[in-house]
>>> print(open('structure.cif').read())   # mmCIF, C-alpha atoms
data_target
#
loop_
_atom_site.label_atom_id
_atom_site.label_comp_id
_atom_site.auth_asym_id
_atom_site.auth_seq_id
_atom_site.Cartn_x
_atom_site.Cartn_y
_atom_site.Cartn_z
CA MET A 1 0.00 0.00 0.00
CA SER A 2 2.83 2.39 0.91
CA CYS A 3 4.51 1.69 -2.45
CA ILE A 4 1.33 2.70 -4.27
CA VAL A 5 1.11 5.91 -2.24
CA CYS A 6 4.80 6.76 -2.91
CA LEU A 7 4.36 6.01 -6.61
CA SER A 8 1.25 8.19 -6.75
CA ILE A 9 3.03 11.07 -5.02
CA TYR A 10 6.02 10.71 -7.36
CA THR A 11 3.74 10.65 -10.41
CA LEU A 12 1.94 13.78 -9.24
CA PHE A 13 5.27 15.51 -8.56
CA VAL A 14 6.60 14.63 -12.03
CA LEU A 15 3.31 15.71 -13.62
CA ILE A 16 3.52 19.14 -11.97
CA ILE A 17 7.21 19.65 -12.83
CA SER A 18 6.67 18.49 -16.42
CA PHE A 19 3.79 20.92 -16.84
CA ILE A 20 5.90 23.79 -15.49
CA ILE A 21 8.78 22.97 -17.85
CA TYR A 22 6.36 22.67 -20.77
CA TYR A 23 4.52 25.88 -19.86
CA LYS A 24 7.71 27.88 -19.29
CA ASN A 25 8.95 26.96 -22.77
CA GLN A 26 5.60 27.21 -24.57
CA ILE A 27 6.02 30.97 -25.05
CA PHE A 28 8.89 30.32 -27.48
CA TYR A 29 6.62 28.39 -29.84
CA ARG A 30 3.46 30.49 -29.94
CA PRO A 31 2.77 32.62 -33.04
CA LEU A 32 3.59 36.31 -32.67
CA TYR A 33 3.13 39.12 -35.17
CA TYR A 34 3.50 42.90 -35.30
CA ILE A 35 2.53 45.60 -37.77
CA ASN A 36 5.35 47.39 -39.57
CA PRO A 37 4.55 51.12 -39.01
CA ASP A 38 6.13 52.14 -42.34
CA THR A 39 4.34 49.66 -44.63
CA SER A 40 1.40 48.52 -42.42
CA GLU A 41 2.52 45.01 -43.30
CA LYS A 42 1.95 42.15 -40.85
CA LYS A 43 5.32 40.68 -39.79
CA ASP A 44 6.09 37.32 -38.18
CA VAL A 45 8.49 37.87 -35.25
CA HIS A 46 9.91 34.35 -35.58
CA LYS A 47 10.80 34.94 -39.23
CA GLN A 48 12.47 38.23 -38.31
CA TYR A 49 14.80 36.39 -35.92
CA PRO A 50 15.36 32.90 -37.43
CA GLU A 51 18.78 32.65 -35.77
CA PHE A 52 17.22 32.23 -32.32
CA VAL A 53 14.07 30.22 -33.06
CA VAL A 54 13.90 27.02 -30.98
CA LEU A 55 13.76 24.23 -33.54
CA ASP A 56 12.73 21.18 -31.54
CA HIS A 57 9.23 20.06 -30.57
CA ASN A 58 7.91 21.13 -27.18
CA SER A 59 6.13 17.86 -26.43
CA PHE A 60 4.53 17.59 -22.98
CA PHE A 61 4.25 13.82 -23.35
CA ARG A 62 7.96 13.44 -24.08
CA ILE A 63 8.93 15.72 -21.20
CA PHE A 64 6.67 13.80 -18.80
CA ILE A 65 7.90 10.33 -19.82
CA ALA A 66 11.56 11.35 -19.80
CA PHE A 67 11.26 13.14 -16.46
CA TYR A 68 9.41 10.17 -15.00
CA ILE A 69 12.09 7.68 -16.08
CA PHE A 70 15.53 9.31 -16.03
CA ALA A 71 15.61 13.13 -15.60
CA ILE A 72 15.90 13.04 -11.80
CA PRO A 73 18.60 10.29 -11.78
CA ARG A 74 20.45 12.33 -14.40
CA PHE A 75 20.31 15.42 -12.21
CA ILE A 76 21.52 13.52 -9.13
CA ILE A 77 24.45 11.95 -11.01
CA ASN A 78 25.30 15.34 -12.57
CA VAL A 79 25.58 16.83 -9.08
CA ILE A 80 27.73 13.91 -7.92
CA LEU A 81 30.01 14.26 -10.95
CA ALA A 82 30.32 18.02 -10.43
CA VAL A 83 31.17 17.62 -6.75
CA GLY A 84 33.64 14.82 -7.53
CA GLN A 85 35.37 16.99 -10.09
CA ILE A 86 35.59 19.93 -7.70
CA LEU A 87 37.05 17.79 -4.91
CA GLU A 88 39.72 16.33 -7.19
CA ILE A 89 40.59 19.77 -8.57
CA LYS A 90 40.97 21.10 -5.02
CA SER A 91 43.18 18.15 -4.20
CA ASN A 92 45.31 18.83 -7.26
CA MET A 93 45.60 22.50 -6.35
CA ALA A 94 46.88 21.53 -2.91
CA ASP A 95 49.40 18.98 -4.24
CA LEU A 96 50.67 20.61 -7.43
CA LYS A 97 53.14 23.48 -7.27
CA ASN A 98 52.66 25.11 -10.66
CA PRO A 99 50.15 23.45 -13.03
CA THR A 100 50.06 26.67 -15.06
CA THR A 101 53.54 26.29 -16.56
CA ASP A 102 54.80 22.82 -15.64
CA PRO A 103 53.79 20.43 -18.50
CA GLU A 104 53.60 17.36 -16.28
CA GLU A 105 51.49 19.08 -13.64
CA TRP A 106 49.31 20.72 -16.29
CA ASN A 107 48.61 17.26 -17.76
CA ILE A 108 47.50 16.02 -14.35
CA MET A 109 45.10 18.95 -13.88
CA SER A 110 43.76 19.02 -17.45
CA ASN A 111 43.29 15.23 -17.57
CA THR A 112 41.35 15.41 -14.29
CA ILE A 113 38.96 17.97 -15.75
CA SER A 114 38.69 16.16 -19.10
CA ARG A 115 37.91 12.81 -17.45
CA TRP A 116 35.05 14.14 -15.29
CA THR A 117 33.50 16.17 -18.11
CA ARG A 118 33.64 13.20 -20.50
CA TRP A 119 31.68 11.20 -17.93
CA LEU A 120 29.21 14.07 -17.74
CA LEU A 121 28.70 14.08 -21.51
CA TRP A 122 28.24 10.31 -21.56
CA TRP A 123 25.74 10.33 -18.70
CA ASN A 124 23.66 13.01 -20.46
CA SER A 125 23.69 11.01 -23.72
CA ILE A 126 25.59 13.69 -25.65
CA ASN A 127 27.61 11.97 -28.34
CA VAL A 128 30.39 14.15 -29.76
CA ASN A 129 31.54 13.12 -33.22
CA ILE A 130 34.95 14.71 -33.85
CA ILE A 131 35.60 15.47 -37.53
CA LYS A 132 39.02 16.36 -38.95
CA ASP A 133 39.51 16.59 -42.71
CA ASP A 134 42.52 18.80 -43.37
CA LYS A 135 42.50 17.96 -47.09
CA LYS A 136 38.94 19.25 -47.48
CA TYR A 137 39.56 22.21 -45.19
CA LEU A 138 42.71 23.21 -47.09
CA GLU A 139 40.70 23.82 -50.26
CA VAL A 140 38.56 26.37 -48.42
CA TYR A 141 41.57 27.88 -46.62
CA LYS A 142 43.45 28.52 -49.89
CA LYS A 143 40.42 30.38 -51.25
CA TYR A 144 40.54 32.89 -48.39
CA LEU A 145 44.19 32.80 -47.28
CA GLY A 146 46.09 32.26 -50.53
CA ASP A 147 47.21 29.35 -52.74
CA ASP A 148 50.49 29.02 -50.86
CA TYR A 149 48.79 28.60 -47.48
CA GLU A 150 49.69 25.35 -45.70
CA VAL A 151 48.06 23.71 -42.69
CA ASP A 152 49.76 21.81 -39.88
CA SER A 153 47.58 19.61 -37.66
CA ASN A 154 50.21 19.72 -34.90
CA GLU A 155 50.61 23.49 -34.81
CA LYS A 156 50.32 25.02 -31.35
CA TYR A 157 47.50 27.47 -30.71
CA SER A 158 46.75 29.84 -27.86
CA LEU A 159 43.13 30.63 -28.71
CA ILE A 160 40.15 28.57 -29.87
CA VAL A 161 37.29 30.30 -31.69
CA SER A 162 33.96 28.48 -31.71
CA ASN A 163 30.33 29.05 -32.61
CA HIS A 164 28.05 28.91 -29.59
CA LEU A 165 24.99 26.69 -29.13
CA GLY A 166 24.45 26.29 -25.39
CA PHE A 167 25.82 25.50 -21.95
CA TYR A 168 27.06 22.05 -23.01
CA ASP A 169 29.58 23.80 -25.29
CA ILE A 170 31.57 24.57 -22.15
CA VAL A 171 31.54 20.93 -21.04
CA MET A 172 32.54 19.67 -24.50
CA ASN A 173 35.48 22.05 -24.73
CA MET A 174 36.66 21.14 -21.24
CA ALA A 175 36.47 17.45 -22.14
CA ILE A 176 38.09 17.60 -25.58
CA ASN A 177 40.20 20.75 -25.78
CA LYS A 178 41.20 21.07 -22.11
CA CYS A 179 40.91 24.84 -22.39
CA GLY A 180 39.94 27.83 -20.28
CA PHE A 181 37.28 30.40 -21.10
CA LEU A 182 36.58 34.10 -20.99
CA ALA A 183 34.57 34.23 -17.75
CA LYS A 184 32.71 36.95 -15.90
CA GLU A 185 34.47 38.41 -12.87
CA GLU A 186 31.47 37.34 -10.77
CA THR A 187 32.27 33.69 -11.52
CA LYS A 188 34.93 33.83 -8.81
CA LYS A 189 32.14 34.22 -6.24
CA TYR A 190 30.22 31.08 -7.27
CA CYS A 191 31.30 28.43 -4.78
CA LEU A 192 31.09 25.44 -7.16
CA VAL A 193 31.86 26.98 -10.55
CA SER A 194 34.77 29.11 -9.31
CA THR A 195 36.90 26.07 -8.41
CA ILE A 196 36.48 24.57 -11.88
CA ALA A 197 37.05 27.95 -13.56
CA LYS A 198 40.30 28.46 -11.66
CA GLY A 199 41.36 24.87 -12.35
CA ILE A 200 41.13 25.40 -16.12
CA ASN A 201 42.78 28.84 -15.95
CA CYS A 202 39.84 30.92 -17.11
CA LEU A 203 40.45 34.58 -17.91
CA PHE A 204 38.20 36.60 -15.59
CA VAL A 205 36.98 39.92 -16.97
CA ASN A 206 34.51 42.61 -15.98
CA ARG A 207 31.96 42.60 -18.81
CA ASN A 208 29.62 45.11 -17.21
CA ASP A 209 31.98 48.08 -17.42
CA LYS A 210 31.87 49.47 -20.96
CA LYS A 211 35.02 51.49 -20.23
CA ASN A 212 36.76 48.20 -19.46
CA ARG A 213 36.50 46.83 -23.02
CA GLU A 214 39.94 48.04 -24.12
CA LYS A 215 41.42 46.44 -21.02
CA ILE A 216 39.78 43.12 -21.93
CA LEU A 217 41.38 43.26 -25.39
CA THR A 218 44.77 43.81 -23.79
CA GLU A 219 44.21 40.95 -21.32
CA ILE A 220 43.33 38.55 -24.17
CA LYS A 221 46.42 39.62 -26.10
CA ASN A 222 48.61 39.20 -23.00
CA ARG A 223 47.10 35.77 -22.45
CA GLN A 224 48.05 34.74 -26.00
CA GLU A 225 51.59 36.07 -25.56
CA ASP A 226 51.95 34.20 -22.26
CA PHE A 227 51.00 30.97 -24.04
CA TYR A 228 53.51 31.34 -26.88
CA GLU A 229 56.28 32.40 -24.47
CA GLY A 230 55.69 29.41 -22.19
CA ARG A 231 54.27 31.25 -19.19
CA LEU A 232 50.91 29.47 -19.61
CA LEU A 233 49.98 26.07 -21.04
CA THR A 234 46.19 26.33 -21.19
CA PRO A 235 44.65 27.59 -24.44
CA LEU A 236 41.72 29.98 -24.19
CA CYS A 237 38.32 29.38 -25.85
CA ILE A 238 36.22 32.35 -26.95
CA PHE A 239 32.70 32.38 -28.41
CA PRO A 240 32.98 35.55 -30.52
CA GLU A 241 29.27 35.68 -31.40
CA GLY A 242 28.58 36.85 -27.86
CA THR A 243 25.39 34.77 -27.55
CA THR A 244 23.95 31.43 -28.66
CA THR A 245 22.05 30.51 -31.82
CA ASN A 246 19.98 27.49 -32.85
CA GLY A 247 22.90 26.00 -34.77
CA LYS A 248 21.87 27.07 -38.28
CA TYR A 249 23.65 30.43 -38.35
CA ILE A 250 26.87 32.13 -37.31
CA LEU A 251 26.45 35.66 -36.01
CA LYS A 252 28.86 38.53 -36.61
CA PHE A 253 32.04 38.13 -34.57
CA LYS A 254 33.18 40.55 -31.89
CA ARG A 255 36.78 41.75 -32.00
CA GLY A 256 38.21 40.20 -28.80
CA ALA A 257 39.55 37.00 -30.40
CA PHE A 258 40.94 38.77 -33.47
CA TYR A 259 42.21 42.11 -32.20
CA SER A 260 45.79 40.90 -31.60
CA LEU A 261 45.98 39.43 -35.15
CA MET A 262 47.62 36.32 -33.68
CA PRO A 263 46.79 32.81 -35.00
CA ILE A 264 43.49 31.26 -33.91
CA LYS A 265 42.15 27.70 -33.92
CA PRO A 266 38.56 27.58 -35.26
CA GLN A 267 36.14 24.85 -34.40
CA LEU A 268 32.59 24.36 -35.55
CA MET A 269 29.66 22.61 -33.90
CA THR A 270 26.70 21.34 -35.88
CA LEU A 271 23.75 19.38 -34.53
CA GLU A 272 22.06 16.24 -35.75
CA ASN A 273 18.46 15.36 -34.81
CA ASN A 274 17.76 19.05 -34.33
CA LEU A 275 14.00 18.46 -34.23
CA ASN A 276 14.38 16.25 -31.19
CA TYR A 277 16.96 18.16 -29.19
CA SER A 278 17.41 21.84 -28.50
CA HIS A 279 21.01 22.45 -27.49
CA ALA A 280 20.68 26.23 -27.66
CA ILE A 281 19.95 28.59 -24.79
CA GLY A 282 19.79 31.75 -26.87
CA VAL A 283 16.34 32.35 -25.49
CA GLY A 284 14.74 31.34 -22.23
CA SER A 285 15.90 30.91 -18.67
CA ALA A 286 19.16 28.95 -18.40
CA GLY A 287 17.74 27.13 -15.37
CA TRP A 288 14.59 25.91 -17.11
CA ASN A 289 16.56 25.11 -20.24
CA TYR A 290 18.85 22.94 -18.15
CA TRP A 291 15.93 20.99 -16.64
CA ARG A 292 14.46 20.63 -20.07
CA SER A 293 17.78 19.31 -21.41
CA LEU A 294 17.57 16.50 -18.86
CA CYS A 295 14.40 15.30 -20.60
CA TYR A 296 16.04 14.52 -23.96
CA PHE A 297 16.84 10.97 -24.93
CA GLY A 298 20.09 11.88 -26.63
CA CYS A 299 21.98 14.27 -28.86
CA LYS A 300 24.70 13.99 -31.48
CA VAL A 301 27.05 16.93 -32.02
CA ASN A 302 29.45 17.04 -34.95
CA LEU A 303 32.58 18.88 -33.81
CA HIS A 304 34.69 20.03 -36.75
CA ILE A 305 38.27 20.68 -35.60
CA LEU A 306 39.68 23.09 -38.17
CA PRO A 307 43.36 23.91 -38.75
CA VAL A 308 44.94 27.06 -37.32
CA ILE A 309 44.23 30.28 -39.23
CA LYS A 310 47.04 32.82 -39.50
CA PRO A 311 46.34 36.19 -41.13
CA THR A 312 47.98 36.63 -44.54
CA GLU A 313 48.60 39.60 -46.83
CA PHE A 314 46.51 37.79 -49.47
CA MET A 315 43.58 37.81 -47.03
CA TYR A 316 43.96 41.52 -46.22
CA GLU A 317 44.27 42.55 -49.88
CA THR A 318 41.66 40.25 -51.42
CA TYR A 319 39.00 40.78 -48.76
CA GLU A 320 39.71 44.39 -47.77
CA GLY A 321 36.06 45.20 -48.40
CA LEU A 322 35.03 43.09 -45.39
CA GLY A 323 36.21 45.64 -42.86
CA ASN A 324 37.91 48.94 -42.16
CA GLU A 325 40.48 47.44 -39.81
CA LYS A 326 42.63 44.33 -40.11
CA TRP A 327 40.91 42.58 -37.20
CA GLU A 328 37.53 43.00 -38.95
CA ILE A 329 38.85 41.36 -42.12
CA PHE A 330 40.42 38.57 -40.04
CA ALA A 331 37.14 37.99 -38.18
CA GLU A 332 34.96 38.02 -41.30
CA VAL A 333 37.25 35.68 -43.23
CA THR A 334 37.24 33.27 -40.28
CA ARG A 335 33.45 33.40 -40.18
CA LYS A 336 33.19 32.79 -43.92
CA ILE A 337 35.50 29.79 -43.66
CA MET A 338 33.45 28.32 -40.81
CA CYS A 339 30.14 28.91 -42.61
CA GLU A 340 31.39 27.33 -45.83
CA ILE A 341 32.78 24.25 -44.10
CA GLY A 342 29.77 23.75 -41.84
CA GLY A 343 27.08 24.66 -44.37
CA LEU A 344 25.80 27.41 -42.04
CA LEU A 345 24.41 30.83 -42.85
CA PRO A 346 26.09 34.12 -41.86
CA SER A 347 23.98 36.63 -39.95
CA ASP A 348 24.78 40.17 -38.84
CA LYS A 349 22.51 39.96 -35.81
CA LYS A 350 23.96 40.41 -32.31
CA LEU A 351 23.17 39.83 -28.64
CA ARG A 352 20.67 42.72 -28.67
CA ASP A 353 18.64 40.94 -31.33
CA SER A 354 18.47 37.84 -29.17
CA GLN A 355 17.26 40.02 -26.29
CA ILE A 356 14.63 41.68 -28.49
CA TYR A 357 13.35 38.31 -29.66
CA GLU A 358 13.17 36.89 -26.15
CA ASN A 359 11.52 40.02 -24.75
CA SER A 360 8.88 39.84 -27.47
CA LEU A 361 8.01 36.23 -26.76
CA ARG A 362 7.99 36.67 -23.00
CA LYS A 363 5.64 39.66 -23.09
CA GLY A 364 3.61 38.53 -26.07
CA GLU A 365 4.26 41.73 -28.04
CA TYR A 366 7.07 43.16 -30.12
CA GLU A 367 6.68 46.92 -29.71
CA THR A 368 7.58 47.27 -26.03
CA GLU A 369 9.54 50.18 -24.58
CA GLU A 370 12.43 47.90 -23.77
CA ASN A 371 12.59 46.65 -27.36
CA LYS A 372 12.39 50.18 -28.73
CA GLN A 373 15.44 51.14 -26.67
CA LEU A 374 17.32 48.07 -27.87
CA LEU A 375 16.37 48.79 -31.48
CA GLU A 376 17.61 52.36 -31.14
CA VAL A 377 20.94 51.16 -29.76
CA ARG A 378 21.22 48.59 -32.57
CA SER A 379 20.57 51.18 -35.28
#
>>> encode(input="structure.cif", output="structure tokens")
Amino acid sequence: MSCIVCLSIYTLFVLIISFIIYYKNQIFYRPLYYINPDTSEKKDVHKQYPEFVVLDHNSFFRIFIAFYIFAIPRFIINVILAVGQILEIKSNMADLKNPTTDPEEWNIMSNTISRWTRWLLWWNSINVNIIKDDKKYLEVYKKYLGDDYEVDSNEKYSLIVSNHLGFYDIVMNMAINKCGFLAKEETKKYCLVSTIAKGINCLFVNRNDKKNREKILTEIKNRQEDFYEGRLLTPLCIFPEGTTTNGKYILKFKRGAFYSLMPIKPQLMTLENNLNYSHAIGVGSAGWNYWRSLCYFGCKVNLHILPVIKPTEFMYETYEGLGNEKWEIFAEVTRKIMCEIGGLLPSDKKLRDSQIYENSLRKGEYETEENKQLLEVRS
């Protein structure tokens, strides 16, 4: 009798949670239109912002079944894995003298982080298919960098440039590339995340201070110089789009990764089974997106590891129309290479556009005061 009562309570609990997850995400699927004041034409908000549209199906039945069977065990194991990783990192920090510059000690620290994050990917049924095809890539590289451009798979790199799909991008890069990230200064205050961030040598920056942007560029450049001069062994990963997309587009790149004009290592993530799994968190609460991600049966990510890109005079001269400064040309050529290899579409939208789209769907209307301010800033 007690088993039946417990099962009934559990079923009711899962039913309520599943409904909340479904309801919280339903706003990103409902139709939404606005009237263009200049032409009086009816416009579809989703079609105005295709880069951020959630592509999977918001099925209540699937969420309920998945949550009932494995979402809670997944969450519990995820917490255990996170705590286990943090404890081992703390132990390494206490035992190792200088994992930042000592190759042997760096291998111990980076392998610790990679091992735990690989377990995390496996437990969440995220299958990463690594693709390397330097022969195919070289054809595209020569088009943008010159016929005499050569690629070297073993070339060292201080900075990884990647498109951005969601929070699992961080885990994948930690598992495969053993790299640090550009992290908010506030991350140091988060009791769990801060230990991992310090363990992988993240670069902490103050993103809220607009006057601090030039300082961030200098810090990234210094970080690259430290790597090449042997003062640091951990490469840095930057998502230059500044926000996430649904995996069909690559947004315009910000200058941070390209400003120094030093070599960069591009990588490209593309999704399979996109109708059944939404990897992106471009819109919606990160918390609810995480709970929703626990309700997927699996995901396959194709990770294209591209060769290092070094700026060339051919690139600057041939594609000078892509920007007024050298870093702009470098960034745009990199984006074109990634789009061509991954079969993705370039878009000039930015973080503000993602915010406008999300604001519209949350409030059920496009022409809000907040959106008007964002549109004015964008223009």
>>> atom_distance(input="structure.cif", atom1="CA of Tyr68 in chain A", atom2="CA of Phe13 in chain A")
9.3 Å
>>> residues_around(input="structure.cif", residues="range 147-161 of chain A", least_positions_apart="2", cutoff="8 Å", atoms="all atoms listed in the file", output="JSON list (two decimals) with C-alpha atoms, in the frame of the given file")
[["chain", "number", "residue", "atom", "x", "y", "z"],
["A", 134, "ASP", "CA", 42.52, 18.80, -43.37],
["A", 138, "LEU", "CA", 42.71, 23.21, -47.09],
["A", 141, "TYR", "CA", 41.57, 27.88, -46.62],
["A", 142, "LYS", "CA", 43.45, 28.52, -49.89],
["A", 143, "LYS", "CA", 40.42, 30.38, -51.25],
["A", 145, "LEU", "CA", 44.19, 32.80, -47.28],
["A", 163, "ASN", "CA", 30.33, 29.05, -32.61],
["A", 224, "GLN", "CA", 48.05, 34.74, -26.00],
["A", 227, "PHE", "CA", 51.00, 30.97, -24.04],
["A", 228, "TYR", "CA", 53.51, 31.34, -26.88],
["A", 234, "THR", "CA", 46.19, 26.33, -21.19],
["A", 235, "PRO", "CA", 44.65, 27.59, -24.44],
["A", 236, "LEU", "CA", 41.72, 29.98, -24.19],
["A", 237, "CYS", "CA", 38.32, 29.38, -25.85],
["A", 238, "ILE", "CA", 36.22, 32.35, -26.95],
["A", 239, "PHE", "CA", 32.70, 32.38, -28.41],
["A", 240, "PRO", "CA", 32.98, 35.55, -30.52],
["A", 257, "ALA", "CA", 39.55, 37.00, -30.40],
["A", 263, "PRO", "CA", 46.79, 32.81, -35.00],
["A", 264, "ILE", "CA", 43.49, 31.26, -33.91],
["A", 265, "LYS", "CA", 42.15, 27.70, -33.92],
["A", 266, "PRO", "CA", 38.56, 27.58, -35.26],
["A", 267, "GLN", "CA", 36.14, 24.85, -34.40],
["A", 307, "PRO", "CA", 43.36, 23.91, -38.75],
["A", 308, "VAL", "CA", 44.94, 27.06, -37.32]]
>>> closest_atom_pairs(input="structure.cif", of="range 156-273 of chain A", to="range 116-131 of chain A", cutoff="8 Å", atoms="all atoms listed in the file", output="JSON lines")
{"residue": "A:Val171", "atom": "CA", "partner": "A:Thr117", "partner_atom": "CA", "distance": 5.9}
{"residue": "A:Met172", "atom": "CA", "partner": "A:Thr117", "partner_atom": "CA", "distance": 7.3}
{"residue": "A:Met174", "atom": "CA", "partner": "A:Thr117", "partner_atom": "CA", "distance": 6.7}
{"residue": "A:Ala175", "atom": "CA", "partner": "A:Thr117", "partner_atom": "CA", "distance": 5.2}
>>> resolve_selection(input="structure.cif", expression="the PyMOL selection byres ((chain A and resi 323-328) around 12)", output="mmCIF file with C-alpha atoms, in the coordinates of the input")
data_model
loop_
_atom_site.group_PDB
_atom_site.id
_atom_site.type_symbol
_atom_site.label_atom_id
_atom_site.label_comp_id
_atom_site.auth_asym_id
_atom_site.auth_seq_id
_atom_site.Cartn_x
_atom_site.Cartn_y
_atom_site.Cartn_z
ATOM 1 C CA LEU A 217 41.380 43.260 -25.390
ATOM 2 C CA LYS A 252 28.860 38.530 -36.610
ATOM 3 C CA PHE A 253 32.040 38.130 -34.570
ATOM 4 C CA LYS A 254 33.180 40.550 -31.890
ATOM 5 C CA ARG A 255 36.780 41.750 -32.000
ATOM 6 C CA GLY A 256 38.210 40.200 -28.800
ATOM 7 C CA ALA A 257 39.550 37.000 -30.400
ATOM 8 C CA PHE A 258 40.940 38.770 -33.470
ATOM 9 C CA TYR A 259 42.210 42.110 -32.200
ATOM 10 C CA SER A 260 45.790 40.900 -31.600
ATOM 11 C CA LEU A 261 45.980 39.430 -35.150
ATOM 12 C CA MET A 262 47.620 36.320 -33.680
ATOM 13 C CA PRO A 263 46.790 32.810 -35.000
ATOM 14 C CA LYS A 310 47.040 32.820 -39.500
ATOM 15 C CA PRO A 311 46.340 36.190 -41.130
ATOM 16 C CA THR A 312 47.980 36.630 -44.540
ATOM 17 C CA GLU A 313 48.600 39.600 -46.830
ATOM 18 C CA MET A 315 43.580 37.810 -47.030
ATOM 19 C CA TYR A 316 43.960 41.520 -46.220
ATOM 20 C CA GLU A 317 44.270 42.550 -49.880
ATOM 21 C CA THR A 318 41.660 40.250 -51.420
ATOM 22 C CA TYR A 319 39.000 40.780 -48.760
ATOM 23 C CA GLU A 320 39.710 44.390 -47.770
ATOM 24 C CA GLY A 321 36.060 45.200 -48.400
ATOM 25 C CA LEU A 322 35.030 43.090 -45.390
ATOM 26 C CA ILE A 329 38.850 41.360 -42.120
ATOM 27 C CA PHE A 330 40.420 38.570 -40.040
ATOM 28 C CA ALA A 331 37.140 37.990 -38.180
ATOM 29 C CA GLU A 332 34.960 38.020 -41.300
ATOM 30 C CA VAL A 333 37.250 35.680 -43.230
ATOM 31 C CA THR A 334 37.240 33.270 -40.280
ATOM 32 C CA ARG A 335 33.450 33.400 -40.180
#
>>> closest_residue(input="structure.cif", among="A:Ile170, A:Val140, A:Cys179, A:Leu7", to="Ile309 in chain A", atoms="all atoms listed in the file")
A:Val140
>>> closest_residue(input="structure.cif", among="A:Trp291, A:Phe52, A:Tyr29, A:Tyr137", to="Ile341 in chain A", atoms="only C-alpha atoms")
A:Tyr137
>>> residues_around(input="structure.cif", residues="range 192-208 of chain A", least_positions_apart="2", cutoff="6 Å", atoms="only C-alpha atoms", output="PyMOL selection string")
chain A and resi 180-185+187-188+190
>>> residues_around(input="structure.cif", residues="Leu351 in chain A", least_positions_apart="5", cutoff="9 Å", atoms="only C-alpha atoms", output="ChimeraX atom specification")
/A:241-244,282,356
>>> residues_around(input="structure.cif", residues="Asn107 in chain A", least_positions_apart="2", cutoff="12 Å", atoms="only C-alpha atoms", output="PDB file with C-alpha atoms, keeping the file's coordinate frame")
ATOM      1  CA  ASN A  92      45.310  18.830  -7.260  1.00  0.00           C
ATOM      2  CA  LEU A  96      50.670  20.610  -7.430  1.00  0.00           C
ATOM      3  CA  ASN A  98      52.660  25.110 -10.660  1.00  0.00           C
ATOM      4  CA  PRO A  99      50.150  23.450 -13.030  1.00  0.00           C
ATOM      5  CA  THR A 100      50.060  26.670 -15.060  1.00  0.00           C
ATOM      6  CA  THR A 101      53.540  26.290 -16.560  1.00  0.00           C
ATOM      7  CA  ASP A 102      54.800  22.820 -15.640  1.00  0.00           C
ATOM      8  CA  PRO A 103      53.790  20.430 -18.500  1.00  0.00           C
ATOM      9  CA  GLU A 104      53.600  17.360 -16.280  1.00  0.00           C
ATOM     10  CA  GLU A 105      51.490  19.080 -13.640  1.00  0.00           C
ATOM     11  CA  MET A 109      45.100  18.950 -13.880  1.00  0.00           C
ATOM     12  CA  SER A 110      43.760  19.020 -17.450  1.00  0.00           C
ATOM     13  CA  ASN A 111      43.290  15.230 -17.570  1.00  0.00           C
ATOM     14  CA  THR A 112      41.350  15.410 -14.290  1.00  0.00           C
ATOM     15  CA  ILE A 113      38.960  17.970 -15.750  1.00  0.00           C
ATOM     16  CA  SER A 114      38.690  16.160 -19.100  1.00  0.00           C
ATOM     17  CA  ARG A 115      37.910  12.810 -17.450  1.00  0.00           C
ATOM     18  CA  LYS A 178      41.200  21.070 -22.110  1.00  0.00           C
ATOM     19  CA  CYS A 179      40.910  24.840 -22.390  1.00  0.00           C
ATOM     20  CA  GLY A 199      41.360  24.870 -12.350  1.00  0.00           C
ATOM     21  CA  ILE A 200      41.130  25.400 -16.120  1.00  0.00           C
ATOM     22  CA  LEU A 233      49.980  26.070 -21.040  1.00  0.00           C
ATOM     23  CA  THR A 234      46.190  26.330 -21.190  1.00  0.00           C
TER      24      THR A 234
END
>>> axis_aligned_box(input="structure.cif", around="range 258-266 of chain A", padding_each_side="8 Å", output="AutoDock Vina command-line options")
--center_x 43.1 --center_y 34.8 --center_z -33.4 --size_x 25.1 --size_y 30.5 --size_z 19.7
>>> atom_distance(input="structure.cif", atom1="CA of Ile86 in chain A", atom2="CA of Met269 in chain A")
27.0 Å
>>> closest_residue(input="structure.cif", among="A:Tyr33, A:Cys3, A:Lys248, A:Ile65", to="Gly364 in chain A", atoms="all atoms listed in the file")
A:Tyr33
>>> residues_around(input="structure.cif", residues="Ile35 in chain A", least_positions_apart="2", cutoff="12 Å", atoms="all atoms listed in the file", output="mmCIF file with C-alpha atoms, in the frame of the given file")
data_model
loop_
_atom_site.group_PDB
_atom_site.id
_atom_site.type_symbol
_atom_site.label_atom_id
_atom_site.label_comp_id
_atom_site.auth_asym_id
_atom_site.auth_seq_id
_atom_site.Cartn_x
_atom_site.Cartn_y
_atom_site.Cartn_z
ATOM 1 C CA LEU A 32 3.590 36.310 -32.670
ATOM 2 C CA TYR A 33 3.130 39.120 -35.170
ATOM 3 C CA PRO A 37 4.550 51.120 -39.010
ATOM 4 C CA ASP A 38 6.130 52.140 -42.340
ATOM 5 C CA THR A 39 4.340 49.660 -44.630
ATOM 6 C CA SER A 40 1.400 48.520 -42.420
ATOM 7 C CA GLU A 41 2.520 45.010 -43.300
ATOM 8 C CA LYS A 42 1.950 42.150 -40.850
ATOM 9 C CA LYS A 43 5.320 40.680 -39.790
ATOM 10 C CA ASP A 44 6.090 37.320 -38.180
ATOM 11 C CA VAL A 45 8.490 37.870 -35.250
ATOM 12 C CA GLU A 365 4.260 41.730 -28.040
ATOM 13 C CA TYR A 366 7.070 43.160 -30.120
ATOM 14 C CA GLU A 367 6.680 46.920 -29.710
#
>>> atom_distance(input="structure.cif", atom1="CA of Ile63 in chain A", atom2="CA of Ile27 in chain A")
16.0 Å
